[in-house]
>>> print(open('input.cif').read())   # mmCIF, C-alpha atoms and all ligand atoms; chains and numbers go by the auth columns
data_coords
#
loop_
_atom_site.group_PDB
_atom_site.id
_atom_site.type_symbol
_atom_site.label_atom_id
_atom_site.label_comp_id
_atom_site.label_asym_id
_atom_site.label_seq_id
_atom_site.Cartn_x
_atom_site.Cartn_y
_atom_site.Cartn_z
_atom_site.B_iso_or_equiv
_atom_site.auth_seq_id
_atom_site.auth_asym_id
ATOM 1 C CA MET A 1 0.000 0.000 0.000 0.00 1 A
ATOM 2 C CA LYS A 2 1.068 3.561 -0.363 0.00 2 A
ATOM 3 C CA PHE A 3 0.241 6.637 1.674 0.00 3 A
ATOM 4 C CA ASP A 4 -1.208 9.819 0.232 0.00 4 A
ATOM 5 C CA ARG A 5 1.116 12.813 0.391 0.00 5 A
ATOM 6 C CA GLY A 6 0.968 15.094 3.408 0.00 6 A
ATOM 7 C CA ILE A 7 -0.475 12.693 5.991 0.00 7 A
ATOM 8 C CA ALA A 8 0.519 13.800 9.504 0.00 8 A
ATOM 9 C CA LYS A 9 3.041 11.455 11.121 0.00 9 A
ATOM 10 C CA LYS A 10 0.769 10.501 14.026 0.00 10 A
ATOM 11 C CA TYR A 11 -1.991 9.363 11.645 0.00 11 A
ATOM 12 C CA ARG A 12 0.438 7.447 9.485 0.00 12 A
ATOM 13 C CA LYS A 13 1.755 5.662 12.547 0.00 13 A
ATOM 14 C CA SER A 14 -1.775 4.762 13.701 0.00 14 A
ATOM 15 C CA VAL A 15 -2.532 3.266 10.286 0.00 15 A
ATOM 16 C CA GLU A 16 0.732 1.319 10.233 0.00 16 A
ATOM 17 C CA ASP A 17 0.087 0.035 13.770 0.00 17 A
ATOM 18 C CA ALA A 18 -3.433 -1.029 12.791 0.00 18 A
ATOM 19 C CA PHE A 19 -2.161 -3.006 9.788 0.00 19 A
ATOM 20 C CA ALA A 20 0.526 -4.653 11.927 0.00 20 A
ATOM 21 C CA MET A 21 -2.101 -5.630 14.508 0.00 21 A
ATOM 22 C CA LEU A 22 -4.448 -7.044 11.858 0.00 22 A
ATOM 23 C CA MET A 23 -1.610 -9.166 10.459 0.00 23 A
ATOM 24 C CA ASP A 24 -0.561 -10.293 13.934 0.00 24 A
ATOM 25 C CA LYS A 25 -3.915 -11.040 15.574 0.00 25 A
ATOM 26 C CA GLY A 26 -6.209 -11.599 12.598 0.00 26 A
ATOM 27 C CA ASP A 27 -7.452 -14.971 11.370 0.00 27 A
ATOM 28 C CA ALA A 28 -6.464 -16.523 8.004 0.00 28 A
ATOM 29 C CA THR A 29 -8.981 -14.341 6.125 0.00 29 A
ATOM 30 C CA HIS A 30 -7.735 -11.110 7.726 0.00 30 A
ATOM 31 C CA LYS A 31 -4.156 -12.074 6.922 0.00 31 A
ATOM 32 C CA ARG A 32 -5.036 -12.856 3.301 0.00 32 A
ATOM 33 C CA VAL A 33 -6.954 -9.588 2.790 0.00 33 A
ATOM 34 C CA ILE A 34 -4.620 -7.268 4.690 0.00 34 A
ATOM 35 C CA GLY A 35 -1.533 -9.048 3.348 0.00 35 A
ATOM 36 C CA ALA A 36 -2.751 -8.504 -0.226 0.00 36 A
ATOM 37 C CA ILE A 37 -3.348 -4.806 0.519 0.00 37 A
ATOM 38 C CA ILE A 38 0.117 -4.362 2.047 0.00 38 A
ATOM 39 C CA ASP A 39 1.731 -6.041 -0.987 0.00 39 A
ATOM 40 C CA SER A 40 -0.224 -3.869 -3.421 0.00 40 A
ATOM 41 C CA LYS A 41 -0.117 -0.175 -4.304 0.00 41 A
ATOM 42 C CA MET A 42 -3.543 0.520 -2.797 0.00 42 A
ATOM 43 C CA LEU A 43 -3.791 4.162 -1.716 0.00 43 A
ATOM 44 C CA VAL A 44 -4.388 5.065 1.936 0.00 44 A
ATOM 45 C CA GLN A 45 -5.729 8.556 2.658 0.00 45 A
ATOM 46 C CA VAL A 46 -6.488 10.341 5.938 0.00 46 A
ATOM 47 C CA LYS A 47 -8.927 13.277 5.727 0.00 47 A
ATOM 48 C CA PRO A 48 -11.245 15.273 7.994 0.00 48 A
ATOM 49 C CA VAL A 49 -14.618 13.635 8.629 0.00 49 A
ATOM 50 C CA SER A 50 -16.279 16.607 6.892 0.00 50 A
ATOM 51 C CA GLU A 51 -14.770 15.277 3.640 0.00 51 A
ATOM 52 C CA VAL A 52 -15.151 11.561 4.331 0.00 52 A
ATOM 53 C CA ASN A 53 -18.734 11.701 5.692 0.00 53 A
ATOM 54 C CA ALA A 54 -18.154 8.391 7.504 0.00 54 A
ATOM 55 C CA SER A 55 -15.500 6.724 9.667 0.00 55 A
ATOM 56 C CA GLY A 56 -13.977 5.464 6.431 0.00 56 A
ATOM 57 C CA ARG A 57 -14.761 4.895 2.775 0.00 57 A
ATOM 58 C CA THR A 58 -13.477 2.787 -0.119 0.00 58 A
ATOM 59 C CA GLY A 59 -13.511 3.645 -3.809 0.00 59 A
ATOM 60 C CA LEU A 60 -11.593 3.917 -7.060 0.00 60 A
ATOM 61 C CA VAL A 61 -8.789 6.465 -7.351 0.00 61 A
ATOM 62 C CA SER A 62 -9.951 7.232 -10.907 0.00 62 A
ATOM 63 C CA SER A 63 -12.895 5.378 -12.408 0.00 63 A
ATOM 64 C CA VAL A 64 -11.965 6.855 -15.809 0.00 64 A
ATOM 65 C CA LYS A 65 -8.499 5.287 -15.674 0.00 65 A
ATOM 66 C CA THR A 66 -9.818 1.996 -14.306 0.00 66 A
ATOM 67 C CA ASN A 67 -12.432 1.783 -17.066 0.00 67 A
ATOM 68 C CA LEU A 68 -9.717 2.389 -19.628 0.00 68 A
ATOM 69 C CA ARG A 69 -7.546 -0.351 -18.149 0.00 69 A
ATOM 70 C CA LEU A 70 -10.405 -2.825 -18.040 0.00 70 A
ATOM 71 C CA ALA A 71 -11.131 -2.107 -21.700 0.00 71 A
ATOM 72 C CA THR A 72 -7.594 -2.819 -22.823 0.00 72 A
ATOM 73 C CA GLU A 73 -5.867 -5.235 -20.442 0.00 73 A
ATOM 74 C CA ARG A 74 -6.195 -7.991 -17.896 0.00 74 A
ATOM 75 C CA ILE A 75 -5.361 -7.101 -14.327 0.00 75 A
ATOM 76 C CA ASP A 76 -4.698 -9.429 -11.441 0.00 76 A
ATOM 77 C CA LEU A 77 -5.800 -8.904 -7.853 0.00 77 A
ATOM 78 C CA GLU A 78 -2.648 -7.044 -6.825 0.00 78 A
ATOM 79 C CA GLU A 79 -2.891 -4.664 -9.787 0.00 79 A
ATOM 80 C CA ALA A 80 -6.606 -4.223 -9.145 0.00 80 A
ATOM 81 C CA LEU A 81 -5.930 -3.195 -5.543 0.00 81 A
ATOM 82 C CA GLY A 82 -3.692 -0.470 -6.963 0.00 82 A
ATOM 83 C CA GLU A 83 -6.826 1.085 -8.518 0.00 83 A
ATOM 84 C CA VAL A 84 -8.481 1.336 -5.095 0.00 84 A
ATOM 85 C CA TYR A 85 -8.227 3.772 -2.181 0.00 85 A
ATOM 86 C CA ILE A 86 -9.337 3.645 1.428 0.00 86 A
ATOM 87 C CA VAL A 87 -9.819 6.959 3.184 0.00 87 A
ATOM 88 C CA ILE A 88 -10.111 7.039 6.977 0.00 88 A
ATOM 89 C CA ALA A 89 -11.425 10.082 8.847 0.00 89 A
ATOM 90 C CA GLU A 90 -8.931 11.854 11.119 0.00 90 A
ATOM 91 C CA GLU A 91 -11.616 11.816 13.806 0.00 91 A
ATOM 92 C CA THR A 92 -11.842 8.007 13.635 0.00 92 A
ATOM 93 C CA ILE A 93 -8.243 7.911 14.800 0.00 93 A
ATOM 94 C CA ASP A 94 -8.520 10.881 17.212 0.00 94 A
ATOM 95 C CA THR A 95 -11.577 9.615 19.066 0.00 95 A
ATOM 96 C CA GLY A 96 -11.653 5.884 18.249 0.00 96 A
ATOM 97 C CA PHE A 97 -7.945 5.408 18.855 0.00 97 A
ATOM 98 C CA GLN A 98 -6.295 2.165 17.778 0.00 98 A
ATOM 99 C CA ARG A 99 -9.504 0.133 18.044 0.00 99 A
ATOM 100 C CA GLY A 100 -11.318 2.573 15.754 0.00 100 A
ATOM 101 C CA CYS A 101 -8.476 2.531 13.268 0.00 101 A
ATOM 102 C CA GLU A 102 -8.293 -1.286 13.228 0.00 102 A
ATOM 103 C CA GLY A 103 -12.076 -1.566 12.972 0.00 103 A
ATOM 104 C CA THR A 104 -12.188 0.786 9.992 0.00 104 A
ATOM 105 C CA PHE A 105 -9.423 -1.027 8.135 0.00 105 A
ATOM 106 C CA VAL A 106 -10.817 -4.488 8.806 0.00 106 A
ATOM 107 C CA HIS A 107 -14.184 -3.307 7.399 0.00 107 A
ATOM 108 C CA GLU A 108 -12.936 -1.102 4.540 0.00 108 A
ATOM 109 C CA GLY A 109 -10.104 -3.537 3.779 0.00 109 A
ATOM 110 C CA GLN A 110 -12.729 -6.195 3.002 0.00 110 A
ATOM 111 C CA HIS A 111 -14.507 -3.718 0.697 0.00 111 A
ATOM 112 C CA ALA A 112 -11.210 -2.951 -1.057 0.00 112 A
ATOM 113 C CA TYR A 113 -10.505 -6.676 -1.487 0.00 113 A
ATOM 114 C CA ASP A 114 -14.008 -7.355 -2.821 0.00 114 A
ATOM 115 C CA PHE A 115 -13.770 -4.389 -5.217 0.00 115 A
ATOM 116 C CA ALA A 116 -10.395 -5.643 -6.460 0.00 116 A
ATOM 117 C CA THR A 117 -11.733 -9.186 -6.865 0.00 117 A
ATOM 118 C CA ALA A 118 -14.583 -7.724 -8.933 0.00 118 A
ATOM 119 C CA LEU A 119 -12.154 -5.673 -11.065 0.00 119 A
ATOM 120 C CA GLU A 120 -9.959 -8.698 -11.727 0.00 120 A
ATOM 121 C CA SER A 121 -13.004 -10.731 -12.761 0.00 121 A
ATOM 122 C CA PHE A 122 -14.239 -7.938 -15.068 0.00 122 A
ATOM 123 C CA SER A 123 -10.868 -7.762 -16.777 0.00 123 A
ATOM 124 C CA ASN A 124 -11.276 -11.465 -17.639 0.00 124 A
ATOM 125 C CA ARG A 125 -14.964 -11.314 -18.555 0.00 125 A
ATOM 126 C CA ASP A 126 -14.354 -11.954 -22.288 0.00 126 A
ATOM 127 C CA MET A 127 -12.633 -15.237 -21.407 0.00 127 A
ATOM 128 C CA ASN A 128 -14.710 -16.149 -18.373 0.00 128 A
ATOM 129 C CA PRO A 129 -18.107 -14.399 -18.383 0.00 129 A
ATOM 130 C CA ILE A 130 -19.617 -16.676 -15.741 0.00 130 A
ATOM 131 C CA GLY A 131 -16.706 -15.938 -13.396 0.00 131 A
ATOM 132 C CA VAL A 132 -17.676 -12.279 -13.097 0.00 132 A
ATOM 133 C CA TYR A 133 -17.986 -11.227 -9.459 0.00 133 A
ATOM 134 C CA ASP A 134 -20.297 -8.264 -8.963 0.00 134 A
ATOM 135 C CA PRO A 135 -21.601 -8.265 -5.378 0.00 135 A
ATOM 136 C CA THR A 136 -24.434 -6.015 -4.227 0.00 136 A
ATOM 137 C CA LEU A 137 -23.944 -3.453 -1.468 0.00 137 A
ATOM 138 C CA TYR A 138 -25.785 -5.879 0.821 0.00 138 A
ATOM 139 C CA GLU A 139 -23.242 -8.603 0.069 0.00 139 A
ATOM 140 C CA LEU A 140 -20.317 -6.192 0.460 0.00 140 A
ATOM 141 C CA GLU A 141 -21.621 -5.007 3.835 0.00 141 A
ATOM 142 C CA TRP A 142 -22.375 -8.577 4.927 0.00 142 A
ATOM 143 C CA ASN A 143 -18.772 -9.603 4.196 0.00 143 A
ATOM 144 C CA ALA A 144 -17.368 -6.505 5.957 0.00 144 A
ATOM 145 C CA HIS A 145 -19.532 -6.947 9.063 0.00 145 A
ATOM 146 C CA LYS A 146 -18.760 -10.668 9.350 0.00 146 A
ATOM 147 C CA THR A 147 -15.009 -10.108 9.103 0.00 147 A
ATOM 148 C CA ALA A 148 -15.228 -7.231 11.618 0.00 148 A
ATOM 149 C CA GLY A 149 -17.031 -9.564 14.039 0.00 149 A
ATOM 150 C CA ASN A 150 -14.446 -12.295 13.568 0.00 150 A
ATOM 151 C CA TYR A 151 -11.702 -9.768 14.276 0.00 151 A
ATOM 152 C CA MET A 152 -13.341 -8.669 17.547 0.00 152 A
ATOM 153 C CA LEU A 153 -13.428 -12.324 18.634 0.00 153 A
ATOM 154 C CA GLN A 154 -9.785 -12.770 17.625 0.00 154 A
ATOM 155 C CA ILE A 155 -8.722 -9.797 19.776 0.00 155 A
ATOM 156 C CA ASN A 156 -11.020 -10.956 22.590 0.00 156 A
ATOM 157 C CA LYS A 157 -10.623 -7.779 24.679 0.00 157 A
ATOM 158 C CA GLN A 158 -13.587 -6.346 26.559 0.00 158 A
ATOM 159 C CA GLU A 159 -13.666 -2.977 24.745 0.00 159 A
ATOM 160 C CA TYR A 160 -13.762 -4.746 21.352 0.00 160 A
ATOM 161 C CA LEU A 161 -16.429 -7.200 22.541 0.00 161 A
ATOM 162 C CA ASP A 162 -18.551 -4.399 24.035 0.00 162 A
ATOM 163 C CA GLU A 163 -18.383 -2.462 20.783 0.00 163 A
ATOM 164 C CA GLY A 164 -19.403 -5.599 18.888 0.00 164 A
ATOM 165 C CA ILE A 165 -22.440 -6.053 21.118 0.00 165 A
ATOM 166 C CA GLY A 166 -23.337 -2.345 20.727 0.00 166 A
ATOM 167 C CA LEU A 167 -23.174 -2.614 16.940 0.00 167 A
ATOM 168 C CA MET A 168 -25.179 -5.898 16.956 0.00 168 A
ATOM 169 C CA ILE A 169 -22.244 -7.579 15.207 0.00 169 A
ATOM 170 C CA LEU A 170 -21.625 -9.846 18.196 0.00 170 A
ATOM 171 C CA GLY A 171 -23.978 -11.716 20.470 0.00 171 A
ATOM 172 C CA GLN A 172 -23.475 -13.492 23.778 0.00 172 A
ATOM 173 C CA ASP A 173 -24.971 -16.870 24.647 0.00 173 A
ATOM 174 C CA ALA A 174 -26.325 -18.006 28.025 0.00 174 A
ATOM 175 C CA SER A 175 -22.905 -19.228 29.130 0.00 175 A
ATOM 176 C CA GLY A 176 -21.372 -15.819 28.389 0.00 176 A
ATOM 177 C CA LYS A 177 -19.611 -16.923 25.214 0.00 177 A
ATOM 178 C CA TYR A 178 -19.391 -14.322 22.429 0.00 178 A
ATOM 179 C CA PHE A 179 -20.253 -15.152 18.819 0.00 179 A
ATOM 180 C CA VAL A 180 -20.687 -13.368 15.480 0.00 180 A
ATOM 181 C CA ASN A 181 -24.379 -12.510 15.461 0.00 181 A
ATOM 182 C CA ASP A 182 -25.740 -13.158 11.956 0.00 182 A
ATOM 183 C CA ASP A 183 -29.270 -12.140 12.966 0.00 183 A
ATOM 184 C CA GLY A 184 -27.889 -8.962 14.551 0.00 184 A
ATOM 185 C CA ILE A 185 -25.944 -8.105 11.390 0.00 185 A
ATOM 186 C CA ARG A 186 -29.094 -8.652 9.280 0.00 186 A
ATOM 187 C CA GLN A 187 -31.003 -6.329 11.602 0.00 187 A
ATOM 188 C CA ARG A 188 -28.247 -3.697 11.483 0.00 188 A
ATOM 189 C CA LEU A 189 -28.118 -3.808 7.675 0.00 189 A
ATOM 190 C CA ARG A 190 -31.899 -3.464 7.552 0.00 190 A
ATOM 191 C CA GLU A 191 -32.114 -0.596 10.056 0.00 191 A
ATOM 192 C CA SER A 192 -28.920 1.401 9.465 0.00 192 A
ATOM 193 C CA TYR A 193 -28.308 0.643 5.783 0.00 193 A
ATOM 194 C CA LYS A 194 -31.897 -0.012 4.574 0.00 194 A
ATOM 195 C CA LEU A 195 -30.663 -3.205 2.928 0.00 195 A
ATOM 196 C CA ALA A 196 -32.175 -6.695 3.070 0.00 196 A
ATOM 197 C CA GLU A 197 -31.405 -10.021 1.456 0.00 197 A
ATOM 198 C CA ASP A 198 -35.071 -10.463 0.516 0.00 198 A
ATOM 199 C CA GLY A 199 -35.599 -6.798 -0.343 0.00 199 A
ATOM 200 C CA ASP A 200 -33.439 -3.924 -1.585 0.00 200 A
ATOM 201 C CA MET A 201 -29.870 -5.239 -1.807 0.00 201 A
ATOM 202 C CA GLY A 202 -28.540 -1.871 -2.965 0.00 202 A
ATOM 203 C CA PRO A 203 -26.343 -1.091 -5.974 0.00 203 A
ATOM 204 C CA THR A 204 -23.813 -3.548 -7.397 0.00 204 A
ATOM 205 C CA ALA A 205 -20.065 -3.055 -6.962 0.00 205 A
ATOM 206 C CA SER A 206 -19.704 -2.269 -10.668 0.00 206 A
ATOM 207 C CA ARG A 207 -22.249 0.536 -10.361 0.00 207 A
ATOM 208 C CA MET A 208 -20.672 1.856 -7.155 0.00 208 A
ATOM 209 C CA MET A 209 -17.291 1.937 -8.922 0.00 209 A
ATOM 210 C CA GLY A 210 -18.765 3.596 -12.020 0.00 210 A
ATOM 211 C CA LEU A 211 -17.693 0.796 -14.393 0.00 211 A
ATOM 212 C CA VAL A 212 -19.117 1.285 -17.873 0.00 212 A
ATOM 213 C CA PHE A 213 -18.224 -2.130 -19.321 0.00 213 A
ATOM 214 C CA ALA A 214 -19.893 -4.133 -16.599 0.00 214 A
HETATM 215 ZN ZN ZN B . -19.082 -0.725 4.509 0.00 301 A
#
>>> encode(input="input.cif", output="structure tokens")
Amino acid sequence: MKFDRGIAKKYRKSVEDAFAMLMDKGDATHKRVIGAIIDSKMLVQVKPVSEVNASGRTGLVSSVKTNLRLATERIDLEEALGEVYIVIAEETIDTGFQRGCEGTFVHEGQHAYDFATALESFSNRDMNPIGVYDPTLYELEWNAHKTAGNYMLQINKQEYLDEGIGLMILGQDASGKYFVNDDGIRQRLRESYKLAEDGDMGPTASRMMGLVFA
């Protein structure tokens, strides 16, 4: 990954620490996703929340350039990640500290990986049309919430577990054991995102990325 120019040192360090933690404490999926991002030229940005309008966001650096590439060449996952950025809000780091930073990158990192997987599949669509991967926003958010929940369980610290319960990503059974709460995630996606598996699943990744060949 590469950092945008002009990122304050303290933010850069928080991001680097978060990636190191995800690689150290994450499960096999976290290590695959975050490892691929680290090995790629994916762009990391840090901006005020007034510009990000969320704790973090994932998108294409230039959908014009990406469309051009997809029209003329095949790209693999690593190259596809180089088309993608993740921006994290300064406030996510200032007020959420390391947990907020890790949580944003585990969630947005999954989006970046899914976007890149989609881009790679689109670049091969002439050869393998049935292999095209174009998840809906519902599916993207499902993947991101599940992996965030798994990460909270991996860390297994009270502040992470409490946040998971608060976000309905985790549940707790009668014996006190924490688990990733699929029903809770469905409810959260329905209430906070207005998305449902049997209803509006939201736009597809190709539409969100502004792909014209999809
Ligand atoms: Zn998301």
>>> residues_around(input="input.cif", residues="Leu68 in chain A", least_positions_apart="4", cutoff="10 Å", atoms="only C-alpha atoms", output="JSON, numbers by chain")
{"A": [62, 63, 64, 72, 73, 211, 212, 213]}
>>> residues_near_ligand(input="input.cif", ligand="ligand ZN 301 (chain A)", cutoff="9 Å", atoms="all atoms listed in the file", output="count of residues only")
15
>>> residues_around(input="input.cif", residues="range 93-97 of chain A", least_positions_apart="6", cutoff="10 Å", atoms="all atoms listed in the file", output="ChimeraX atom specification")
/A:10-11,14-15,18,46,55,103-104
>>> closest_residue(input="input.cif", among="A:Met1, A:Ala174, A:Leu167, A:Ile130", to="Leu189 in chain A", atoms="only C-alpha atoms")
A:Leu167
>>> closest_residue(input="input.cif", among="A:Phe19, A:Tyr133, A:Tyr151, A:Tyr193", to="Cys101 in chain A", atoms="all atoms listed in the file")
A:Phe19
>>> closest_residue(input="input.cif", among="A:Asp134, A:Leu70, A:Phe179, A:Met201", to="Thr117 in chain A", atoms="only C-alpha atoms")
A:Asp134
>>> residues_around(input="input.cif", residues="range 20-29 of chain A", least_positions_apart="5", cutoff="12 Å", atoms="only C-alpha atoms", output="ChimeraX atom specification")
/A:13-15,34-38,98-99,101-107,109-110,113,143-144,146-157
>>> resolve_selection(input="input.cif", expression="the PyMOL selection byres (((chain A and resi 209) around 12) and not hetatm)", output="PyMOL selection string")
chain A and resi 58-67+83-85+111-112+114-116+118-119+134-137+203-208+210-214
>>> write_last_selection(input="input.cif", atoms="C-alpha atoms", output="mmCIF file, in the frame of the given file")
data_model
loop_
_atom_site.group_PDB
_atom_site.id
_atom_site.type_symbol
_atom_site.label_atom_id
_atom_site.label_comp_id
_atom_site.auth_asym_id
_atom_site.auth_seq_id
_atom_site.Cartn_x
_atom_site.Cartn_y
_atom_site.Cartn_z
ATOM 1 C CA THR A 58 -13.477 2.787 -0.119
ATOM 2 C CA GLY A 59 -13.511 3.645 -3.809
ATOM 3 C CA LEU A 60 -11.593 3.917 -7.060
ATOM 4 C CA VAL A 61 -8.789 6.465 -7.351
ATOM 5 C CA SER A 62 -9.951 7.232 -10.907
ATOM 6 C CA SER A 63 -12.895 5.378 -12.408
ATOM 7 C CA VAL A 64 -11.965 6.855 -15.809
ATOM 8 C CA LYS A 65 -8.499 5.287 -15.674
ATOM 9 C CA THR A 66 -9.818 1.996 -14.306
ATOM 10 C CA ASN A 67 -12.432 1.783 -17.066
ATOM 11 C CA GLU A 83 -6.826 1.085 -8.518
ATOM 12 C CA VAL A 84 -8.481 1.336 -5.095
ATOM 13 C CA TYR A 85 -8.227 3.772 -2.181
ATOM 14 C CA HIS A 111 -14.507 -3.718 0.697
ATOM 15 C CA ALA A 112 -11.210 -2.951 -1.057
ATOM 16 C CA ASP A 114 -14.008 -7.355 -2.821
ATOM 17 C CA PHE A 115 -13.770 -4.389 -5.217
ATOM 18 C CA ALA A 116 -10.395 -5.643 -6.460
ATOM 19 C CA ALA A 118 -14.583 -7.724 -8.933
ATOM 20 C CA LEU A 119 -12.154 -5.673 -11.065
ATOM 21 C CA ASP A 134 -20.297 -8.264 -8.963
ATOM 22 C CA PRO A 135 -21.601 -8.265 -5.378
ATOM 23 C CA THR A 136 -24.434 -6.015 -4.227
ATOM 24 C CA LEU A 137 -23.944 -3.453 -1.468
ATOM 25 C CA PRO A 203 -26.343 -1.091 -5.974
ATOM 26 C CA THR A 204 -23.813 -3.548 -7.397
ATOM 27 C CA ALA A 205 -20.065 -3.055 -6.962
ATOM 28 C CA SER A 206 -19.704 -2.269 -10.668
ATOM 29 C CA ARG A 207 -22.249 0.536 -10.361
ATOM 30 C CA MET A 208 -20.672 1.856 -7.155
ATOM 31 C CA GLY A 210 -18.765 3.596 -12.020
ATOM 32 C CA LEU A 211 -17.693 0.796 -14.393
ATOM 33 C CA VAL A 212 -19.117 1.285 -17.873
ATOM 34 C CA PHE A 213 -18.224 -2.130 -19.321
ATOM 35 C CA ALA A 214 -19.893 -4.133 -16.599
#
>>> residues_near_point(input="input.cif", point="(-10.2, 11.4, 10.6)", cutoff="7 Å", atoms="only C-alpha atoms", output="PyMOL selection string")
chain A and resi 46-49+88-94
>>> atom_distance(input="input.cif", atom1="CA of Leu170 in chain A", atom2="CA of Asp198 in chain A")
22.2 Å
>>> closest_residue(input="input.cif", among="A:Asp4, A:Glu78, A:Glu120, A:Asp17", to="Val33 in chain A", atoms="all atoms listed in the file")
A:Glu78
>>> build_atoms(input="input.cif", residues="range 23-45 of chain A", atoms="N, CA and C atoms", output="mmCIF file, in the coordinates of the input")
data_model
loop_
_atom_site.group_PDB
_atom_site.id
_atom_site.type_symbol
_atom_site.label_atom_id
_atom_site.label_comp_id
_atom_site.auth_asym_id
_atom_site.auth_seq_id
_atom_site.Cartn_x
_atom_site.Cartn_y
_atom_site.Cartn_z
ATOM 1 N N MET A 23 -2.429 -8.055 10.951
ATOM 2 C CA MET A 23 -1.610 -9.166 10.459
ATOM 3 C C MET A 23 -1.207 -10.094 11.606
ATOM 4 N N ASP A 24 -1.018 -9.513 12.787
ATOM 5 C CA ASP A 24 -0.561 -10.293 13.934
ATOM 6 C C ASP A 24 -1.702 -11.091 14.566
ATOM 7 N N LYS A 25 -2.822 -10.412 14.809
ATOM 8 C CA LYS A 25 -3.915 -11.040 15.574
ATOM 9 C C LYS A 25 -5.059 -11.565 14.719
ATOM 10 N N GLY A 26 -5.092 -11.199 13.442
ATOM 11 C CA GLY A 26 -6.209 -11.599 12.598
ATOM 12 C C GLY A 26 -6.217 -13.090 12.303
ATOM 13 N N ASP A 27 -7.366 -13.572 11.795
ATOM 14 C CA ASP A 27 -7.452 -14.971 11.370
ATOM 15 C C ASP A 27 -6.916 -15.094 9.940
ATOM 16 N N ALA A 28 -7.041 -16.281 9.346
ATOM 17 C CA ALA A 28 -6.464 -16.523 8.004
ATOM 18 C C ALA A 28 -7.046 -15.558 6.968
ATOM 19 N N THR A 29 -8.338 -15.262 7.085
ATOM 20 C CA THR A 29 -8.981 -14.341 6.125
ATOM 21 C C THR A 29 -8.416 -12.927 6.269
ATOM 22 N N HIS A 30 -8.305 -12.451 7.509
ATOM 23 C CA HIS A 30 -7.735 -11.110 7.726
ATOM 24 C C HIS A 30 -6.324 -11.026 7.157
ATOM 25 N N LYS A 31 -5.555 -12.084 7.390
ATOM 26 C CA LYS A 31 -4.156 -12.074 6.922
ATOM 27 C C LYS A 31 -4.090 -12.089 5.401
ATOM 28 N N ARG A 32 -5.025 -12.814 4.766
ATOM 29 C CA ARG A 32 -5.036 -12.856 3.301
ATOM 30 C C ARG A 32 -5.410 -11.478 2.737
ATOM 31 N N VAL A 33 -6.452 -10.875 3.298
ATOM 32 C CA VAL A 33 -6.954 -9.588 2.790
ATOM 33 C C VAL A 33 -5.949 -8.469 3.072
ATOM 34 N N ILE A 34 -5.527 -8.361 4.315
ATOM 35 C CA ILE A 34 -4.620 -7.268 4.690
ATOM 36 C C ILE A 34 -3.240 -7.478 4.067
ATOM 37 N N GLY A 35 -2.817 -8.744 3.991
ATOM 38 C CA GLY A 35 -1.533 -9.048 3.348
ATOM 39 C C GLY A 35 -1.535 -8.626 1.888
ATOM 40 N N ALA A 36 -2.645 -8.892 1.190
ATOM 41 C CA ALA A 36 -2.751 -8.504 -0.226
ATOM 42 C C ALA A 36 -2.703 -6.983 -0.357
ATOM 43 N N ILE A 37 -3.348 -6.284 0.564
ATOM 44 C CA ILE A 37 -3.348 -4.806 0.519
ATOM 45 C C ILE A 37 -1.936 -4.269 0.751
ATOM 46 N N ILE A 38 -1.245 -4.823 1.739
ATOM 47 C CA ILE A 38 0.117 -4.362 2.047
ATOM 48 C C ILE A 38 1.041 -4.574 0.850
ATOM 49 N N ASP A 39 0.869 -5.714 0.167
ATOM 50 C CA ASP A 39 1.731 -6.041 -0.987
ATOM 51 C C ASP A 39 1.391 -5.232 -2.231
ATOM 52 N N SER A 40 0.233 -4.593 -2.222
ATOM 53 C CA SER A 40 -0.224 -3.869 -3.421
ATOM 54 C C SER A 40 0.129 -2.378 -3.312
ATOM 55 N N LYS A 41 -0.302 -1.634 -4.339
ATOM 56 C CA LYS A 41 -0.117 -0.175 -4.304
ATOM 57 C C LYS A 41 -1.426 0.532 -3.958
ATOM 58 N N MET A 42 -2.304 -0.129 -3.210
ATOM 59 C CA MET A 42 -3.543 0.520 -2.797
ATOM 60 C C MET A 42 -3.235 1.804 -2.029
ATOM 61 N N LEU A 43 -4.029 2.839 -2.312
ATOM 62 C CA LEU A 43 -3.791 4.162 -1.716
ATOM 63 C C LEU A 43 -4.513 4.304 -0.380
ATOM 64 N N VAL A 44 -3.785 4.756 0.633
ATOM 65 C CA VAL A 44 -4.388 5.065 1.936
ATOM 66 C C VAL A 44 -4.401 6.580 2.115
ATOM 67 N N GLN A 45 -5.584 7.121 2.419
ATOM 68 C CA GLN A 45 -5.729 8.556 2.658
ATOM 69 C C GLN A 45 -6.271 8.785 4.060
#
